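To keep things clear, I will list the structure first and then write my remarks on it.
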Amino acid sequence: MSQSLYSSLSLESNKIRLLRILPNEDEEGDIKCTLFVYPLHDSGRGTHRYEALSYVWGDAGDSRSIFINGHSLTVRANLHIALSRLRDPVLDRIIWIDAICINQEDLNERGHQVQLIAKIYSKASQVVIWLGEEADNSDRALEEIVIAASKSEISSNETTRMAVIALVQRPWFRRIWVLQEVAAARHILIMCGLVEIDGYAFCSGLNLGKDSFEAYPKLQRLIRSVIRLMKEANFRPKYAKRSSDNFSLDIRPLSELIGTYYTRESTDDLDKEYALLAMCSNNPTSAGLLPDYTILWKQRFQQLVKFILCKEIPVRI
């Protein structure tokens, strides 16, 4: 399938693929899309206004089919549901989604495209965070978080509090890639089931309502982590560094980022580092520490330790 669906992308260029979700008034109808190559310009506005999706891949054993350029492609159920929610009944919707826009079977392409992810998300008109389908009173939780943005506290109703707890414990909040996806965003839209809310309202509500969970210290720590992620989006335009060769969100040194976020989840151990590279203030990519999915984790770990020792610990003679 990958050979017939994906044309090769030059590893020397900033070209990416974008997905055009074709409209359908039938909510149960097949999901049909087109995939096209797009130059990710370093300055100025691009030809196409696009969004970027931040989500969890989900269970590999639960998959469904979509159609791209006339070809059938199998995607995981969580993404299939997200696509059905994103699809408009009348208008095309252009979006970047890693599982589809990167040829996952081409390890060289995958490594190169991962270098561009922070830039991809920074140039998107908005980042859409897909939390999954409605469950555990998630609609009520989102409503309460928006209300908390104005009244500075979460409802004392136990059912409502448990709904908020269940929401912020969803897998998205534990995923390591969301760090740079959210930190790079210009604007954030939260989607959960049929509900959509503004990312700023979501962040403000959690921030102002976090003291309502003093009896849940573990949850408070999780909420603070979520708030920190959202706030990065507000500061990103000021601190981001751009050039044709490198894009950095310039947040903290690599060792600090690893120390802070090493418990975050990823499918591939290599992503525990790769997801943080574009957030580094000490520019590991310029030192040759580039994403490489052809290497073993043991080899990569040795490279990582060497970089940290040389770059972050001064040698005194």
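By order of appearance in the structure tokens: chains A, B, ..., then residues from 1 within every chain, and ligands from 1 in the order shown.
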
Check which residues of region 173-204 of chain A sit at most 12 Å from region 253-265 of chain A using only C-alpha atoms, and return one row each with the closest pair of atoms and their distance in Å to one decimal, ordered by chain and rising number, as CSV.
```
residue,atom,partner,partner_atom,distance
A:Phe173,CA,A:Arg264,CA,8.7
A:Arg174,CA,A:Arg264,CA,5.3
A:Arg175,CA,A:Glu265,CA,4.8
A:Ile176,CA,A:Arg264,CA,4.9
A:Trp177,CA,A:Glu265,CA,8.5
A:Val178,CA,A:Arg264,CA,9.7
A:Leu179,CA,A:Tyr261,CA,9.1
A:Gln180,CA,A:Leu257,CA,11.2
```

Tell me which protein, DNA and RNA residues are within 12 Å of region 51-54 of chain A, counting only C-alpha atoms, leaving out same-chain ones fewer than 6 positions away, and put them as a PyMOL selection string. chain A and resi 17-21+78-79+82-83+86+92-101+117-132+171-173+175-191

Taking the DSSP assignment computed from this structure's backbone, write out as JSON, numbers by chain all residues of region 141-243 of chain A that belong to alpha helix (DSSP H). {"A": [141, 142, 143, 144, 145, 146, 147, 148, 149, 150, 151, 158, 159, 160, 161, 162, 163, 164, 165, 166, 167, 168, 178, 179, 180, 181, 182, 183, 199, 200, 201, 202, 203, 204, 205, 206, 207, 208, 209, 217, 218, 219, 220, 221, 222, 223, 224, 225, 226, 227, 228, 229, 230, 231, 232, 233, 234, 235, 236, 237, 238, 239]}

Step one, run DSSP on the backbone; step two, keep only residues of region 107-271 of chain A assigned to strand (DSSP E); then write them as a PyMOL selection string. chain A and resi 127-130+188-192+195-198+241-242+247-248

Name all residues at most 10 Å from Asp271 (chain A) (count only C-alpha atoms; drop same-chain ones fewer than 2 positions away) and give them as a VMD selection string. chain A and resid 114 176 to 177 265 to 269 273 to 277 291 to 293 297

Could you check which of A:Asn14, A:Ser204, A:Ser138, A:Gln113 is closest to Arg170 (chain A), using only C-alpha atoms? A:Ser138
